[in-house]
Structures are given as C-alpha cells and as structure tokens.
>>> print(open('my_file_6.cif').read())   # mmCIF, C-alpha atoms
data_upload
#
loop_
_atom_site.label_atom_id
_atom_site.label_comp_id
_atom_site.auth_asym_id
_atom_site.auth_seq_id
_atom_site.Cartn_x
_atom_site.Cartn_y
_atom_site.Cartn_z
CA MET A 61 -8.53 2.09 -9.27
CA LYS A 62 -10.53 1.38 -6.11
CA GLU A 63 -8.40 -1.45 -4.73
CA LYS A 64 -5.51 -0.55 -2.43
CA ALA A 65 -2.19 -2.33 -2.01
CA TYR A 66 -0.82 -2.26 1.53
CA PHE A 67 2.95 -2.59 1.67
CA HIS A 68 4.64 -4.01 4.75
CA LEU A 69 8.10 -2.50 4.79
CA PRO A 70 11.39 -3.71 6.34
CA GLY A 71 13.55 -2.07 8.97
CA LEU A 72 11.45 -0.71 11.85
CA PHE A 73 14.60 -0.29 13.94
CA GLU A 74 17.22 -1.02 11.30
CA PHE A 75 16.27 1.85 8.94
CA TYR A 76 14.74 4.34 11.36
CA GLU A 77 16.76 7.24 9.90
CA LEU A 78 15.61 6.47 6.36
CA TYR A 79 11.94 6.36 7.40
CA ARG A 80 12.39 9.56 9.38
CA MET A 81 13.13 11.18 6.00
CA PHE A 82 10.75 9.16 3.81
CA LEU A 83 7.53 9.31 5.83
CA PRO A 84 7.23 13.13 5.74
CA LEU A 85 7.65 12.96 1.95
CA PHE A 86 4.97 10.30 1.70
CA ARG A 87 2.56 12.48 3.68
CA GLU A 88 3.40 15.95 2.34
CA HIS A 89 3.96 15.03 -1.33
CA ARG A 90 1.35 12.35 -1.88
CA GLU A 91 1.36 13.30 -5.57
CA TYR A 92 4.81 11.67 -5.83
CA PHE A 93 3.35 8.25 -5.01
CA TYR A 94 0.85 5.87 -6.56
CA ASP A 95 -2.66 6.53 -5.29
CA TRP A 96 -3.33 2.79 -5.14
CA CYS A 97 -0.70 2.10 -2.47
CA GLU A 98 -0.48 2.64 1.28
CA ILE A 99 1.93 1.64 4.04
CA GLY A 100 0.38 -1.23 5.98
CA SER A 101 3.16 -1.62 8.53
CA ILE A 102 6.88 -1.38 9.12
CA TYR A 103 8.50 -4.43 10.70
CA GLY A 104 11.79 -5.30 12.36
CA ALA A 105 13.71 -6.06 15.54
CA PRO A 106 16.51 -4.25 17.38
CA SER A 107 19.99 -5.66 17.83
CA ASP A 108 20.56 -8.30 20.53
CA CYS A 109 16.94 -9.40 20.42
CA ILE A 110 16.85 -13.12 21.21
CA TRP A 111 13.24 -13.55 20.09
CA GLY A 112 14.22 -12.23 16.66
CA GLY A 113 14.52 -14.41 13.58
CA GLY A 114 14.58 -14.36 9.80
CA ARG A 115 17.47 -11.90 9.79
CA THR A 116 19.86 -10.75 12.51
CA GLY A 117 18.66 -7.35 13.68
CA PHE A 118 21.13 -4.46 13.87
CA GLY A 119 18.92 -1.50 14.79
CA GLU A 120 20.34 0.65 17.57
CA ASN A 121 17.70 3.37 17.78
CA ASP A 122 15.75 4.05 20.95
CA PRO A 123 12.52 1.97 20.80
CA LYS A 124 10.57 4.91 22.25
CA GLU A 125 11.68 7.13 19.36
CA VAL A 126 10.83 4.39 16.87
CA LEU A 127 7.35 4.00 18.33
CA GLU A 128 6.80 7.77 18.39
CA LEU A 129 7.64 7.98 14.68
CA MET A 130 5.14 5.22 13.85
CA GLN A 131 2.46 6.89 15.98
CA GLU A 132 3.09 10.28 14.37
CA TYR A 133 2.36 8.82 10.93
CA GLY A 134 -0.33 6.35 12.00
CA ILE A 135 1.61 3.28 10.91
CA SER A 136 1.37 -0.14 12.54
CA ALA A 137 4.70 -1.34 13.98
CA ARG A 138 5.41 -5.06 13.80
CA LEU A 139 7.97 -6.69 16.07
CA THR A 140 9.74 -9.48 14.19
CA PHE A 141 9.89 -12.25 16.80
CA SER A 142 10.26 -15.19 14.41
CA ASN A 143 12.96 -17.18 16.22
CA SER A 144 12.13 -20.84 15.65
CA LEU A 145 14.26 -22.33 18.45
CA LEU A 146 12.98 -20.64 21.60
CA ARG A 147 12.81 -22.55 24.87
CA GLN A 148 10.87 -21.86 28.04
CA GLU A 149 13.74 -19.99 29.70
CA HIS A 150 13.94 -17.52 26.81
CA LEU A 151 10.44 -16.23 27.49
CA LEU A 152 11.66 -14.22 30.48
CA ASP A 153 14.15 -12.18 28.45
CA ARG A 154 14.05 -8.65 29.85
CA LYS A 155 14.70 -6.75 26.62
CA CYS A 156 12.01 -8.52 24.62
CA ASN A 157 9.42 -8.20 27.37
CA THR A 158 10.20 -4.50 27.71
CA LEU A 159 9.62 -4.09 23.97
CA CYS A 160 6.29 -5.85 24.27
CA ARG A 161 5.15 -3.66 27.15
CA LEU A 162 6.05 -0.53 25.18
CA PHE A 163 4.57 -1.46 21.80
CA GLU A 164 1.46 -3.19 23.11
CA LYS A 165 0.14 0.08 24.51
CA ASN A 166 -0.59 1.43 21.04
CA THR A 167 -4.18 0.75 20.01
CA GLU A 168 -4.63 3.11 17.06
CA PRO A 169 -3.17 1.78 14.93
CA GLN A 170 -2.72 -1.57 16.60
CA ASN A 171 0.80 -2.99 16.60
CA GLY A 172 1.63 -6.57 15.71
CA VAL A 173 4.09 -9.42 16.16
CA ILE A 174 5.51 -11.57 13.35
CA ILE A 175 5.94 -14.97 14.96
CA TYR A 176 7.07 -18.56 14.43
CA SER A 177 7.19 -20.25 17.84
CA GLU A 178 3.96 -21.69 19.25
CA LEU A 179 5.52 -21.36 22.69
CA LEU A 180 6.08 -17.63 22.22
CA LEU A 181 2.67 -17.14 20.62
CA LYS A 182 0.96 -18.60 23.69
CA TYR A 183 3.13 -16.49 26.01
CA ILE A 184 2.53 -13.16 24.25
CA LYS A 185 -1.20 -13.79 23.86
CA LYS A 186 -1.44 -14.32 27.62
CA HIS A 187 0.79 -11.46 28.80
CA TYR A 188 0.38 -8.89 26.00
CA PRO A 189 -3.10 -9.37 24.52
CA GLY A 190 -3.05 -6.01 22.72
CA PHE A 191 -1.06 -7.31 19.75
CA TYR A 192 -2.24 -8.88 16.51
CA PHE A 193 -0.19 -11.75 15.09
CA VAL A 194 1.38 -12.52 11.72
CA SER A 195 2.46 -16.06 10.85
CA SER A 196 6.06 -15.85 9.64
CA THR A 197 7.26 -16.98 6.23
CA THR A 198 10.18 -18.60 8.09
CA LYS A 199 7.87 -21.57 8.68
CA VAL A 200 8.54 -22.38 4.99
CA LEU A 201 5.08 -23.79 4.27
CA THR A 202 5.61 -24.76 0.62
CA ASP A 203 2.62 -27.09 0.43
CA PHE A 204 -0.60 -25.18 -0.29
CA THR A 205 -2.63 -27.46 1.95
CA GLN A 206 -0.36 -26.54 4.88
CA PHE A 207 -0.79 -22.89 4.03
CA GLU A 208 -4.58 -23.23 3.97
CA LYS A 209 -4.55 -24.73 7.46
CA GLU A 210 -2.38 -21.86 8.67
CA ILE A 211 -4.57 -19.16 7.17
CA ARG A 212 -7.67 -20.68 8.77
CA ARG A 213 -6.19 -20.40 12.25
CA LYS A 214 -7.89 -17.72 14.30
CA ASP A 215 -4.57 -16.84 15.98
CA PHE A 216 -3.36 -14.96 12.91
CA CYS A 217 -4.59 -11.79 11.22
CA TYR A 218 -2.06 -12.34 8.42
CA VAL A 219 -0.02 -15.24 7.06
CA VAL A 220 3.06 -14.52 4.93
CA LEU A 221 3.02 -16.91 2.00
CA ASP A 222 6.18 -18.75 0.97
CA PHE A 223 7.35 -17.05 -2.22
CA ARG A 224 7.28 -20.37 -4.11
CA LEU A 225 3.46 -20.22 -3.89
CA ASN A 226 3.13 -16.65 -5.19
CA LYS A 227 1.96 -17.71 -8.65
CA THR A 228 -0.30 -20.64 -7.73
CA PHE A 229 -3.29 -18.66 -8.96
CA ASP A 230 -5.71 -21.56 -9.38
CA GLN A 231 -5.29 -22.51 -5.72
CA LEU A 232 -5.19 -18.93 -4.48
CA ASN A 233 -8.49 -18.24 -6.21
CA THR A 234 -10.20 -20.97 -4.17
CA LEU A 235 -9.77 -18.92 -0.99
CA THR A 236 -12.69 -16.97 0.42
CA GLN A 237 -12.43 -13.18 0.48
CA ALA A 238 -11.88 -13.28 4.24
CA GLU A 239 -8.97 -15.67 3.68
CA LYS A 240 -7.57 -13.55 0.85
CA ASN A 241 -7.54 -10.58 3.22
CA LYS A 242 -5.13 -12.52 5.45
CA VAL A 243 -2.65 -13.47 2.72
CA GLU A 244 0.58 -11.47 2.64
CA PHE A 245 2.79 -11.97 -0.41
CA LEU A 246 6.58 -11.74 -0.16
CA CYS A 247 7.30 -9.75 -3.32
CA ASN A 248 11.03 -9.34 -3.80
CA GLU A 249 12.68 -12.56 -2.60
CA CYS A 250 16.09 -13.21 -4.16
CA CYS A 251 16.53 -16.74 -2.78
CA TRP A 252 16.86 -19.52 -5.36
CA PHE A 253 13.38 -20.74 -6.29
CA GLY A 254 14.49 -24.37 -5.98
CA CYS A 255 16.12 -23.97 -2.56
CA ARG A 256 15.51 -26.88 -0.17
CA ASN A 257 17.62 -25.49 2.67
CA ARG A 258 15.67 -22.31 3.47
CA LYS A 259 14.57 -23.60 6.86
CA ALA A 260 18.16 -24.49 7.83
CA CYS A 261 19.25 -20.99 6.84
CA TYR A 262 16.60 -19.45 9.10
CA GLU A 263 17.57 -21.78 11.96
CA THR A 264 21.15 -20.53 11.78
CA VAL A 265 19.88 -16.98 12.25
CA SER A 266 17.77 -18.15 15.20
CA ARG A 267 20.84 -19.74 16.83
CA LYS A 268 22.86 -16.56 16.32
CA ASN A 269 20.15 -14.45 17.92
CA LEU A 270 20.20 -16.79 20.90
CA GLY A 271 23.94 -16.21 21.22
CA GLU A 272 24.84 -19.78 20.37
CA ASN A 273 28.23 -20.53 18.86
CA CYS A 274 27.32 -22.01 15.49
CA PRO A 275 28.99 -22.19 12.08
CA GLU A 276 28.00 -19.78 9.33
CA TYR A 277 25.35 -21.06 6.96
CA ARG A 278 26.91 -21.53 3.54
CA CYS A 279 24.38 -21.01 0.78
CA LYS A 280 24.76 -23.66 -1.92
CA ALA A 281 22.31 -22.09 -4.34
CA PRO A 282 23.50 -21.08 -7.82
CA GLU A 283 25.25 -17.69 -7.48
CA GLY A 284 24.33 -17.65 -3.80
CA GLU A 285 27.72 -16.14 -2.98
CA LYS A 286 26.71 -12.90 -4.75
CA GLY A 287 24.20 -12.04 -2.07
CA TYR A 288 21.06 -9.98 -2.64
CA LEU A 289 20.63 -8.22 -5.99
CA PHE A 290 17.32 -6.55 -6.84
CA SER A 291 17.98 -7.19 -10.53
CA LYS A 292 18.33 -10.89 -9.69
CA ALA A 293 15.17 -10.86 -7.55
CA MET A 294 13.24 -9.43 -10.50
CA LYS A 295 14.07 -12.56 -12.50
CA ASN A 296 12.90 -14.91 -9.76
CA PRO A 297 9.81 -16.94 -10.80
CA GLY A 298 8.14 -15.82 -7.59
CA PHE A 299 8.82 -12.10 -8.06
CA ILE A 300 5.81 -9.79 -7.82
CA GLY A 301 6.23 -6.48 -9.60
CA ILE A 302 3.99 -3.42 -9.64
CA ASP A 303 2.24 -4.49 -12.85
CA ASP A 304 1.48 -7.88 -11.26
CA ILE A 305 0.03 -6.15 -8.20
CA ARG A 306 -2.19 -3.79 -10.20
CA ASN A 307 -3.28 -6.15 -12.96
CA ILE A 308 -3.44 -9.54 -11.23
CA TYR A 309 -3.39 -9.54 -7.44
CA LEU A 310 -5.60 -6.53 -6.65
CA PRO A 311 -8.34 -7.62 -9.11
CA MET A 312 -8.18 -11.11 -7.55
CA GLY A 313 -8.95 -9.59 -4.13
CA PHE A 314 -5.49 -9.61 -2.53
CA SER A 315 -4.15 -6.47 -0.90
CA ASN A 316 -1.15 -7.20 1.35
CA PHE A 317 2.42 -7.24 0.06
CA LYS A 318 5.60 -7.65 2.07
CA ILE A 319 8.93 -6.18 0.98
CA GLU A 320 11.96 -7.99 2.38
CA GLY A 321 15.28 -6.31 3.15
CA ARG A 322 16.05 -5.99 6.87
CA GLY A 323 19.56 -7.34 6.32
CA LEU A 324 20.31 -4.99 3.42
CA GLY A 325 21.46 -1.37 3.28
CA SER A 326 19.44 1.85 3.29
CA ALA A 327 20.26 2.59 -0.36
CA LEU A 328 18.65 -0.66 -1.50
CA ILE A 329 15.61 -0.14 0.74
CA LEU A 330 15.19 3.25 -0.90
CA GLU A 331 15.22 1.53 -4.31
CA PHE A 332 12.37 -0.71 -3.14
CA LEU A 333 10.39 2.33 -1.98
CA LEU A 334 10.98 4.00 -5.32
CA TYR A 335 10.08 0.96 -7.41
CA TYR A 336 6.97 -0.16 -5.53
CA MET A 337 5.49 3.12 -4.33
CA THR A 338 6.84 6.08 -6.31
CA LYS A 339 5.67 7.28 -9.71
CA PRO A 340 8.60 7.13 -12.19
CA GLU A 341 8.49 10.85 -12.96
CA TYR A 342 8.91 11.70 -9.27
CA GLN A 343 11.56 9.16 -8.31
CA ILE A 344 14.35 11.69 -8.88
CA HIS A 345 12.61 14.12 -6.50
CA VAL A 346 12.46 11.52 -3.74
CA ARG A 347 16.10 10.53 -4.31
CA GLU A 348 17.27 14.14 -4.21
CA LYS A 349 15.37 15.02 -1.05
CA ILE A 350 16.78 11.99 0.78
CA TYR A 351 20.33 12.12 -0.63
CA LEU A 352 20.65 15.81 0.21
CA ASP A 353 20.24 15.04 3.91
CA SER A 354 23.90 14.75 4.85
CA MET A 355 22.99 13.11 8.16
CA LEU A 356 21.77 9.95 6.43
CA ASP A 357 24.42 7.43 5.44
CA LEU A 358 22.91 5.36 2.66
CA PHE A 359 25.95 3.25 1.93
#
>>> encode(input="my_file_6.cif", output="structure tokens")
Amino acid sequence: MKEKAYFHLPGLFEFYELYRMFLPLFREHREYFYDWCEIGSIYGAPSDCIWGGGRTGFGENDPKEVLELMQEYGISARLTFSNSLLRQEHLLDRKCNTLCRLFEKNTEPQNGVIIYSELLLKYIKKHYPGFYFVSSTTKVLTDFTQFEKEIRRKDFCYVVLDFRLNKTFDQLNTLTQAEKNKVEFLCNECCWFGCRNRKACYETVSRKNLGENCPEYRCKAPEGEKGYLFSKAMKNPGFIGIDDIRNIYLPMGFSNFKIEGRGLGSALILEFLLYYMTKPEYQIHVREKIYLDSMLDLF
C-alpha cells in the first residue's frame, strides 16, 4: 500500500507520560505497527489555558519538556486554542502568549494551532507567523457547502470535518486533490449522531476555560450520561475504523485522521493507539511494555 494515513493524536500536554513511553516503541519497533500509518501531529492544551476549547485541558507538564519530546521524534505539536468566546482583552493572556513564543520557534517540523476564533486567528497570524492553522471541528459545520467554503480558505492548512459528514462520499469525491489533502476526519466520536446541541456543549467548555461561573452542560442525548465508550463510538454512523481508512478513504485520496480523547484517561488513549496503529499480533507487546512501567498511572 503506497498511501499513508496520518493520525493526529490527542493529549500533547494531557498524556505526555504515555507518549514518553509510546514514541520510543513506535520508532524502535516499527514492525509492531502498520506500515501504512504515521503520526501527523499530537494536539492539546495545558491546564488553565484560557484560549483552549473543545475540552478542558488538564496537562501539568512543563511545556519545554513537551516540546523537546516532540522535537526528538520529529512530530508536529498543535496547540488547541479553539475557545469560541474570546474577547479582545483575552488576547494579552501571558500564559498563552508564552506558549506561542515557545512553540512557534520550531520550524522542522512546523507546529500548528487548532483554532475557532477569527479574532485569535488574526492576532496569532500577526504576532506568531511561524504557525500553520487548523480549523476546529468545534465550529460544527454540518452543512457541506459551509465546509467547502472553509476548506477553500487560504488561512487553513487543515479543516477538521464534522463527524456527521464523514460518510458523505458523493460530496467528498467532488473535492480536488488539494482540497482532499486539507480534510481531517474525526474518526472516533461518541457523541449522538443526531445531536443538535454540540455547539452549546463546546461553548460551556469555552466559558469554563475563561473562568466564568456557568452551569454544567447536561447532555440530553440517549445514554449521554454514560460518557465516552469506545464500543459505543464504534457503532456511531460516523465512525471510521481501520478497514474504512485502508479500503475507502486512502483510495479516495484522503490521508488525515484525527483521534479524539483529550478529556479521557491514558488507558483509553492507549486502546486507540492499539486499535488504529498497532498490528493485532503485537498489541500485547505494546501493552506489556507500557503497563510494566510502574511510573505510568493508566487509570
């Protein structure tokens, strides 16, 4: 197979310890992993990051150590700055600007920013021009015409498709190859396919990251109270599995696939890495090597 799938993985700050164990395995035991997959980027945001969105960040690791790990393995780091409710005064936040100054310096590979706010996009482009930009799925663009307009914007190198559009193959096939190269599919979403409140859910996270006192968002979806289950995600009409990637999406000319999970635990992230990237016969080897590190708390 000549085509490559590039996975964009969750938890740049949140799961630093897991990646500190996984990345050496991925490099030193490449025979454990599918030869048609690569790591395109690892994304996330540290705790108390007001520009953050999508999920509330909880990573406490030193950003310099995080960046050094990404540089050591040649992986693009993406800062998740997808807060949808930013105002002018938030642009001067010291912590977020410090992160930008640190991560913008990297040119090989180039680091990126996942973004929602037009205000923030304009600010970062002006003050930190070394980044590339990813249009966030938190925009909830469920109309394909809206998505086409977004993907044709020169501001973005990638646009994360709303998972409800994952299987709109007739429309996806109308895109040019250059446009297909910019599409990033969200593979493992567990959210109810018929949800109409996804944007409100994301806005609650944005308010929390800004430190606003707001009520918890109560999911009204069927079985929403159960939280994330990978087995449930696999039954979602928008789910993209490894057979779909190899037999449908790669032959169609698509190559970028995002794995969600920043708000989940390390054990579940490991399951995603095993399912999407690891050959079945070697999954036990990867599990053993990571579980046997007593310093890593997976639960």
>>> atom_distance(input="my_file_6.cif", atom1="atom CA of Arg90 of chain A", atom2="atom CA of Ser326 of chain A")
21.5 Å
>>> residues_around(input="my_file_6.cif", residues="Gly113 of chain A", least_positions_apart="3", cutoff="10 Å", atoms="all atoms listed in the file", output="mmCIF file with C-alpha atoms, in the frame of the given file")
data_model
loop_
_atom_site.group_PDB
_atom_site.id
_atom_site.type_symbol
_atom_site.label_atom_id
_atom_site.label_comp_id
_atom_site.auth_asym_id
_atom_site.auth_seq_id
_atom_site.Cartn_x
_atom_site.Cartn_y
_atom_site.Cartn_z
ATOM 1 C CA GLY A 104 11.790 -5.300 12.360
ATOM 2 C CA ALA A 105 13.710 -6.060 15.540
ATOM 3 C CA CYS A 109 16.940 -9.400 20.420
ATOM 4 C CA ILE A 110 16.850 -13.120 21.210
ATOM 5 C CA THR A 116 19.860 -10.750 12.510
ATOM 6 C CA GLY A 117 18.660 -7.350 13.680
ATOM 7 C CA THR A 140 9.740 -9.480 14.190
ATOM 8 C CA PHE A 141 9.890 -12.250 16.800
ATOM 9 C CA SER A 142 10.260 -15.190 14.410
ATOM 10 C CA ASN A 143 12.960 -17.180 16.220
ATOM 11 C CA SER A 144 12.130 -20.840 15.650
ATOM 12 C CA LEU A 145 14.260 -22.330 18.450
ATOM 13 C CA ILE A 174 5.510 -11.570 13.350
ATOM 14 C CA ILE A 175 5.940 -14.970 14.960
ATOM 15 C CA TYR A 176 7.070 -18.560 14.430
ATOM 16 C CA SER A 196 6.060 -15.850 9.640
ATOM 17 C CA THR A 198 10.180 -18.600 8.090
ATOM 18 C CA TYR A 262 16.600 -19.450 9.100
ATOM 19 C CA GLU A 263 17.570 -21.780 11.960
ATOM 20 C CA THR A 264 21.150 -20.530 11.780
ATOM 21 C CA VAL A 265 19.880 -16.980 12.250
ATOM 22 C CA SER A 266 17.770 -18.150 15.200
ATOM 23 C CA ARG A 267 20.840 -19.740 16.830
ATOM 24 C CA LYS A 268 22.860 -16.560 16.320
ATOM 25 C CA ASN A 269 20.150 -14.450 17.920
ATOM 26 C CA LEU A 270 20.200 -16.790 20.900
#
>>> closest_residue(input="my_file_6.cif", among="A:Gly112, A:Pro123, A:Gly325, A:Pro297", to="Leu225 of chain A", atoms="all atoms listed in the file")
A:Pro297
>>> residues_around(input="my_file_6.cif", residues="Tyr76 of chain A", least_positions_apart="4", cutoff="12 Å", atoms="only C-alpha atoms", output="ChimeraX atom specification")
/A:69-72,80-83,102-106,118-130,137,322,325-326,329,356-358
>>> residues_near_point(input="my_file_6.cif", point="(6.4, -9.6, -8.5)", cutoff="7 Å", atoms="all atoms listed in the file", output="short mmCIF file (atom, residue, chain, number, x, y, z; two decimals) with C-alpha atoms, in the frame of the given file")
data_model
loop_
_atom_site.label_atom_id
_atom_site.label_comp_id
_atom_site.auth_asym_id
_atom_site.auth_seq_id
_atom_site.Cartn_x
_atom_site.Cartn_y
_atom_site.Cartn_z
CA CYS A 247 7.30 -9.75 -3.32
CA ASN A 248 11.03 -9.34 -3.80
CA GLY A 298 8.14 -15.82 -7.59
CA PHE A 299 8.82 -12.10 -8.06
CA ILE A 300 5.81 -9.79 -7.82
CA GLY A 301 6.23 -6.48 -9.60
CA ILE A 302 3.99 -3.42 -9.64
CA ASP A 304 1.48 -7.88 -11.26
#
>>> resolve_selection(input="my_file_6.cif", expression="the PyMOL selection byres ((chain A and resi 95) around 12)", output="PyMOL selection string")
chain A and resi 61-66+86-87+89-94+96-99+306+336-339
>>> resolve_selection(input="my_file_6.cif", expression="the PyMOL selection byres ((chain A and resi 136) around 6)", output="list of chain:residue names")
A:Ser101, A:Ile135, A:Ala137, A:Pro169, A:Gln170, A:Asn171
>>> resolve_selection(input="my_file_6.cif", expression="the PyMOL selection byres ((chain A and resi 204) around 9)", output="VMD selection string")
chain A and resid 201 to 203 205 to 209 225 228 231 to 232
>>> atom_distance(input="my_file_6.cif", atom1="atom CA of Leu180 of chain A", atom2="atom CA of Ile319 of chain A")
24.3 Å
>>> residues_around(input="my_file_6.cif", residues="segment 219-223 of chain A", least_positions_apart="3", cutoff="7 Å", atoms="all atoms listed in the file", output="VMD selection string")
chain A and resid 194 to 197 200 to 202 211 216 226 242 to 246 249 298
>>> residues_around(input="my_file_6.cif", residues="segment 162-168 of chain A", least_positions_apart="5", cutoff="7 Å", atoms="all atoms listed in the file", output="JSON, numbers by chain")
{"A": [188, 190, 191]}
>>> atom_distance(input="my_file_6.cif", atom1="atom CA of Lys318 of chain A", atom2="atom CA of Ser177 of chain A")
20.2 Å
>>> closest_residue(input="my_file_6.cif", among="A:Arg138, A:Lys155, A:Arg347, A:Lys199", to="Leu333 of chain A", atoms="all atoms listed in the file")
A:Arg347
>>> closest_residue(input="my_file_6.cif", among="A:Tyr288, A:Trp111, A:Tyr133, A:Tyr351", to="Leu328 of chain A", atoms="all atoms listed in the file")
A:Tyr288
>>> closest_residue(input="my_file_6.cif", among="A:Leu310, A:Leu330, A:His187, A:Leu235", to="Thr158 of chain A", atoms="only C-alpha atoms")
A:His187
>>> closest_residue(input="my_file_6.cif", among="A:Tyr342, A:Tyr183, A:Phe75, A:Tyr218", to="Ala327 of chain A", atoms="all atoms listed in the file")
A:Phe75
>>> build_atoms(input="my_file_6.cif", residues="segment 233-254 of chain A", atoms="N, CA, C and O atoms", output="compact mmCIF listing (two decimals), in the frame of the given file")
# COMPACT_ATOMS: atom_id res chain seq x y z
N ASN A 233 -7.14 -18.69 -5.89
CA ASN A 233 -8.49 -18.24 -6.21
C ASN A 233 -9.57 -19.05 -5.52
O ASN A 233 -10.74 -18.66 -5.53
N THR A 234 -9.21 -20.18 -4.91
CA THR A 234 -10.20 -20.97 -4.17
C THR A 234 -10.45 -20.41 -2.77
O THR A 234 -11.40 -20.83 -2.11
N LEU A 235 -9.61 -19.48 -2.33
CA LEU A 235 -9.77 -18.92 -0.99
C LEU A 235 -10.99 -18.00 -0.94
O LEU A 235 -11.34 -17.35 -1.92
N THR A 236 -11.61 -17.93 0.22
CA THR A 236 -12.69 -16.97 0.42
C THR A 236 -12.10 -15.56 0.51
O THR A 236 -10.90 -15.39 0.70
N GLN A 237 -12.94 -14.54 0.39
CA GLN A 237 -12.43 -13.18 0.48
C GLN A 237 -11.82 -12.91 1.86
O GLN A 237 -10.80 -12.22 1.97
N ALA A 238 -12.43 -13.46 2.89
CA ALA A 238 -11.88 -13.28 4.24
C ALA A 238 -10.48 -13.89 4.34
O ALA A 238 -9.59 -13.33 5.01
N GLU A 239 -10.28 -15.03 3.69
CA GLU A 239 -8.97 -15.67 3.68
C GLU A 239 -7.98 -14.89 2.83
O GLU A 239 -6.81 -14.73 3.20
N LYS A 240 -8.44 -14.36 1.70
CA LYS A 240 -7.57 -13.55 0.85
C LYS A 240 -7.08 -12.31 1.60
O LYS A 240 -5.94 -11.86 1.39
N ASN A 241 -7.92 -11.77 2.44
CA ASN A 241 -7.54 -10.58 3.22
C ASN A 241 -6.39 -10.86 4.18
O ASN A 241 -5.71 -9.93 4.62
N LYS A 242 -6.19 -12.14 4.51
CA LYS A 242 -5.13 -12.52 5.45
C LYS A 242 -3.82 -12.88 4.76
O LYS A 242 -2.78 -13.00 5.42
N VAL A 243 -3.85 -13.05 3.45
CA VAL A 243 -2.65 -13.47 2.72
C VAL A 243 -1.72 -12.27 2.53
O VAL A 243 -2.13 -11.20 2.11
N GLU A 244 -0.44 -12.49 2.86
CA GLU A 244 0.58 -11.47 2.64
C GLU A 244 1.65 -12.06 1.73
O GLU A 244 2.28 -13.06 2.08
N PHE A 245 1.85 -11.45 0.58
CA PHE A 245 2.79 -11.97 -0.41
C PHE A 245 4.18 -11.36 -0.20
O PHE A 245 4.31 -10.14 -0.07
N LEU A 246 5.20 -12.21 -0.20
CA LEU A 246 6.58 -11.74 -0.16
C LEU A 246 7.02 -11.45 -1.59
O LEU A 246 7.18 -12.36 -2.40
N CYS A 247 7.18 -10.17 -1.91
CA CYS A 247 7.30 -9.75 -3.32
C CYS A 247 8.68 -9.93 -3.92
O CYS A 247 8.80 -10.31 -5.09
N ASN A 248 9.73 -9.57 -3.20
CA ASN A 248 11.03 -9.34 -3.80
C ASN A 248 12.11 -10.30 -3.30
O ASN A 248 13.25 -9.92 -3.09
N GLU A 249 11.72 -11.56 -3.08
CA GLU A 249 12.68 -12.56 -2.60
C GLU A 249 13.72 -12.86 -3.68
O GLU A 249 13.39 -13.02 -4.85
N CYS A 250 14.98 -12.93 -3.24
CA CYS A 250 16.09 -13.21 -4.16
C CYS A 250 16.56 -14.66 -4.04
O CYS A 250 17.33 -15.14 -4.88
N CYS A 251 16.11 -15.36 -3.02
CA CYS A 251 16.53 -16.74 -2.78
C CYS A 251 16.20 -17.62 -3.99
O CYS A 251 15.19 -17.44 -4.65
N TRP A 252 17.06 -18.58 -4.25
CA TRP A 252 16.86 -19.52 -5.36
C TRP A 252 15.51 -20.20 -5.23
O TRP A 252 15.16 -20.72 -4.16
N PHE A 253 14.73 -20.20 -6.29
CA PHE A 253 13.38 -20.74 -6.29
C PHE A 253 13.36 -22.22 -5.92
O PHE A 253 12.43 -22.72 -5.31
N GLY A 254 14.43 -22.93 -6.27
CA GLY A 254 14.49 -24.37 -5.98
C GLY A 254 15.16 -24.71 -4.67
O GLY A 254 15.45 -25.89 -4.41
